[in-house]
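**Student:** The structure is given below, and queries will be raised subsequently.
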Amino acid sequence: MAQQYDAIVVGGGHNGLVAAAYLARAGARTIVLEKRHKTGGAAATDAPWPEAPEIRVTRLSYVMSLLPPTIIKDLSLERHGYKVFPMGPFYQAYPEGGSLTIALDDAKGNYEQVAKFSKKDADRLEEWDAWMAGLADVLGPLLLKVPPNIGSRSYSDLKGTLGLAWRNRGVDVRTVGDITRLFSMSIADLLDDWFESPQVKAALAINGVIGTWAGPCEPGTAYVMAHHSIGDVGDGHLGNWGFPEGGMGAVPAAIRRAAEGFGVEIRENTGVERVLVRDGKVRGVALESGGEILAPVVVSTLHPKTAFLKQLDAGDLPPEFVRDIENYKTRSGVVKINLALSELPDFTADPGTDAQLHHTGSVEMAPSIEWMERAFQDAREGRPAERPMTDGVIPTVFDKTLAPEGIHVMSLFTQWVPKDWADEPHTEELEAYADRVIDSYDAVAPNFRRSIIYRDIVGPHQMQEEWGLIGGNIFHGELSIDQLFHMRPAPGYADYRTPVSGLYYGSSATHAGGGVVGIPGWQAARAAISDKKRTGPIRDRFTDRSLDRPVWASHQQENP
């Protein structure tokens, strides 16, 4: 006999756990089904070296930002162990000599650093920061909004579109023009309008291509830069990234504890074969191991090609929706390299292996826009980058829980290899690729290669097969102009609902994804709760402003 729940969440990544916590908080008897042996998805802390289990790394996702204070507060995440160390500055050491350091809140120091390369750029830096902050004032709040169904003539959709326009009625012509440029320009062209120094332009361009199948000269990468620079929604901190204590896995671990505190049941090693639908309504799920679990509400947080093309019958979906998901772009070319080091990098430009300011933030290897563009073009032409672009961090400068005293772990998020490497392991080629990444750091920090104790290489194929990241894309889909806001994951279905009644969608392939933000899971749960309030027999007991009292009739007790 099939088990019965009020709500099923498919996928135990951070978005799935957030969705489950909110559903249970509203009174739903909720179960999370996770295919892997552990929850957390790509935000996980692992010990990849059996001979050194005391050394732990975050194998995929590696820095934290954009998790709204609303979620942190609602789920009491700090009480459940959520703690983040703010990252230090951007740092780039150059093969030809010298370095550049740019900190978040050090206008005087940043001026001096940039003036080493261009006094004109140093003079413009404060204006750039103010311009970006102004854009964040507009774009930041949009991350928390449900995209309207633009183009629909229904009353509710027209109301949503007009409401969005009304909320932004204070945006002037100049700001609209600036936002249009962000969505349409390459980050290279945008920075050419502002700065002259190749070093400064490269430093600001990196965020425009992180995790994308696009070089810095591709239109739309200006927006990707802004998306990564918005920082903590609601806190007003532009680009405020950080390292969770305990690695990235500590974030979903805290969310899981919160969810379980609300009564969520979590089953690992439990894959879903398909979502059950009858007469256009969700009934529950069929498990890979056999058997069924039934519920009138299902939230999927899997990649859209898995959620809609593999776990649903095409006959249960409109043909145009199926085509949109089939055409959804999810290329990557990313390779993650994790290292255990016997000492910190000793940079020629800034000597010393004791922890210094430049070790505390992003330790980059992307010295010019030309370097980044060539790396992408190599991959686009079918070969791994000769000189990969790398975004590196050393969390153990702050977080002493990840490794024994004297040992450091370093995460290198590198780009690019050919997009079709997601189809095959390419093990030997990845080893050679990793050697070139290490050589590039060794050229500016001569102790780097000899300090490496262990290394762990995760390519696109492993990301796809082990974590379900189709194409190896960490965002569940590219952040391109045709896959943003009301187009994510498909036009007409950006409100976290799907063509199947009772089936909701809350993966990073929805608006506000990717990154470890929790917003998609939060919004999917809110959509389900809102629909339950509107149609359920106890709808009169609730208001849209509060989720503090139970919605589901099967759970009438007050939440803890």
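In the structure tokens, chains take the letters A, B, ... in the order shown, each chain's residues start at 1, and ligands count up from 1 in the order shown.
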Give me, as a list of chain:residue names, all polymer residues having an atom no more than 8 Å from stretch 428-443 of chain A, counting only C-alpha atoms and skipping those fewer than 3 positions away in the same chain.

**Tutor:** A:Pro95, A:Ile337, A:Met365, A:Pro384, A:Ala385, A:Glu386, A:Arg387, A:Pro388, A:Thr390, A:Thr414, A:Pro446, A:Asn447, A:Phe448, A:Arg449, A:Ile457, A:Gly459

**Student:** Please give the complete set of residues from stretch 354-451 of chain A that DSSP, run on the backbone, assigns to alpha helix (DSSP H), formatted as a ChimeraX atom specification.

**Tutor:** /A:369-380,427-442

**Student:** If you run DSSP on the backbone, which residues of stretch 5-246 of chain A are strand (DSSP E or B), as a ChimeraX atom specification?

**Tutor:** /A:7-10,13,30-33,40,46,57,64,84-86,90-93,99-102,232,237,242-244

**Student:** Counting only C-alpha atoms, which of A:Asn110, A:Ser197, A:Thr301, A:Thr212 gets nearest to A:Leu17?

**Tutor:**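 Answer, going by the shortest atom-to-atom distance: A:Thr301.
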
**Student:** So which residues touch A:Met64 within 10 Å, counting only C-alpha atoms, skipping near sequence neighbours fewer than 2 positions away, as a PDB file with C-alpha atoms, in the first residue's frame?

**Tutor:**
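For reference, around-v5.pdb as written:
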ATOM      1  CA  ALA A  43      26.766  22.356  -1.942  1.00  0.00           C
ATOM      2  CA  SER A  61      30.103  24.933  -4.897  1.00  0.00           C
ATOM      3  CA  TYR A  62      32.717  26.812  -2.900  1.00  0.00           C
ATOM      4  CA  LEU A  66      22.736  35.763  -2.029  1.00  0.00           C
ATOM      5  CA  LEU A  67      20.932  33.665   0.650  1.00  0.00           C
ATOM      6  CA  VAL A  84      29.792  32.634   7.264  1.00  0.00           C
ATOM      7  CA  PHE A  85      33.221  34.269   7.248  1.00  0.00           C
ATOM      8  CA  PRO A  86      33.232  37.278   4.865  1.00  0.00           C
ATOM      9  CA  MET A  87      35.712  36.847   2.051  1.00  0.00           C
ATOM     10  CA  GLY A 231      25.548  40.247  -2.798  1.00  0.00           C
ATOM     11  CA  ASP A 232      23.241  39.631   0.139  1.00  0.00           C
ATOM     12  CA  ASN A 240      29.460  40.244  -0.085  1.00  0.00           C
ATOM     13  CA  TRP A 241      30.605  36.651  -0.542  1.00  0.00           C
ATOM     14  CA  GLY A 242      31.907  34.379   2.189  1.00  0.00           C
ATOM     15  CA  PHE A 243      33.060  30.975   3.403  1.00  0.00           C
ATOM     16  CA  PRO A 244      30.615  28.923   5.513  1.00  0.00           C
ATOM     17  CA  GLY A 247      32.495  24.186   4.110  1.00  0.00           C
ATOM     18  CA  MET A 248      29.556  24.603   1.778  1.00  0.00           C
ATOM     19  CA  VAL A 251      24.708  25.384   4.664  1.00  0.00           C
ATOM     20  CA  GLY A 515      24.129  29.897  -6.779  1.00  0.00           C
ATOM     21  CA  VAL A 516      23.361  28.776  -3.252  1.00  0.00           C
ATOM     22  CA  VAL A 517      20.499  31.207  -2.763  1.00  0.00           C
TER      23      VAL A 517
END

**Student:** Need the shell around A:Ser362: protein/DNA/RNA residues with any atom at most 8 Å away, counting only C-alpha atoms. Skip same-chain ones fewer than 2 positions apart. Format as a tab-separated table (two decimals) with N, CA and C atoms, in the first residue's frame?

**Tutor:**
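Result went into around_17.tsv, see below:
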chain	number	residue	atom	x	y	z
A	87	MET	N	34.50	37.00	2.84
A	87	MET	CA	35.71	36.85	2.05
A	87	MET	C	36.56	38.12	2.07
A	88	GLY	N	37.84	37.91	1.87
A	88	GLY	CA	38.76	39.02	1.72
A	88	GLY	C	38.73	39.57	0.29
A	89	PRO	N	39.77	40.27	-0.12
A	89	PRO	CA	39.76	40.99	-1.40
A	89	PRO	C	40.01	40.11	-2.61
A	90	PHE	N	39.75	40.69	-3.78
A	90	PHE	CA	40.21	40.12	-5.05
A	90	PHE	C	41.74	40.27	-5.10
A	91	TYR	N	42.41	39.23	-5.60
A	91	TYR	CA	43.87	39.30	-5.74
A	91	TYR	C	44.30	38.62	-7.02
A	359	HIS	N	45.62	36.29	0.78
A	359	HIS	CA	45.24	34.88	0.84
A	359	HIS	C	43.78	34.69	1.25
A	360	THR	N	43.11	35.76	1.67
A	360	THR	CA	41.81	35.61	2.33
A	360	THR	C	40.60	35.74	1.39
A	364	GLU	N	43.04	34.83	-7.99
A	364	GLU	CA	42.67	34.59	-9.37
A	364	GLU	C	43.84	34.24	-10.28
A	391	ASP	N	39.27	30.83	-10.85
A	391	ASP	CA	38.82	31.57	-9.67
A	391	ASP	C	39.17	30.70	-8.47
A	392	GLY	N	40.14	31.12	-7.67
A	392	GLY	CA	40.61	30.30	-6.56
A	392	GLY	C	40.30	30.91	-5.20
A	393	VAL	N	40.08	30.06	-4.22
A	393	VAL	CA	39.87	30.52	-2.85
A	393	VAL	C	40.56	29.55	-1.89
A	394	ILE	N	40.93	30.06	-0.71
A	394	ILE	CA	41.60	29.25	0.32
A	394	ILE	C	40.82	29.41	1.62

**Student:** For atom CA of A:His408 and atom CA of A:Ala349, determine how far apart the two atoms are, in Å to one decimal place.

**Tutor:**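 Distance reported for this atom pair: 20.7 Å.
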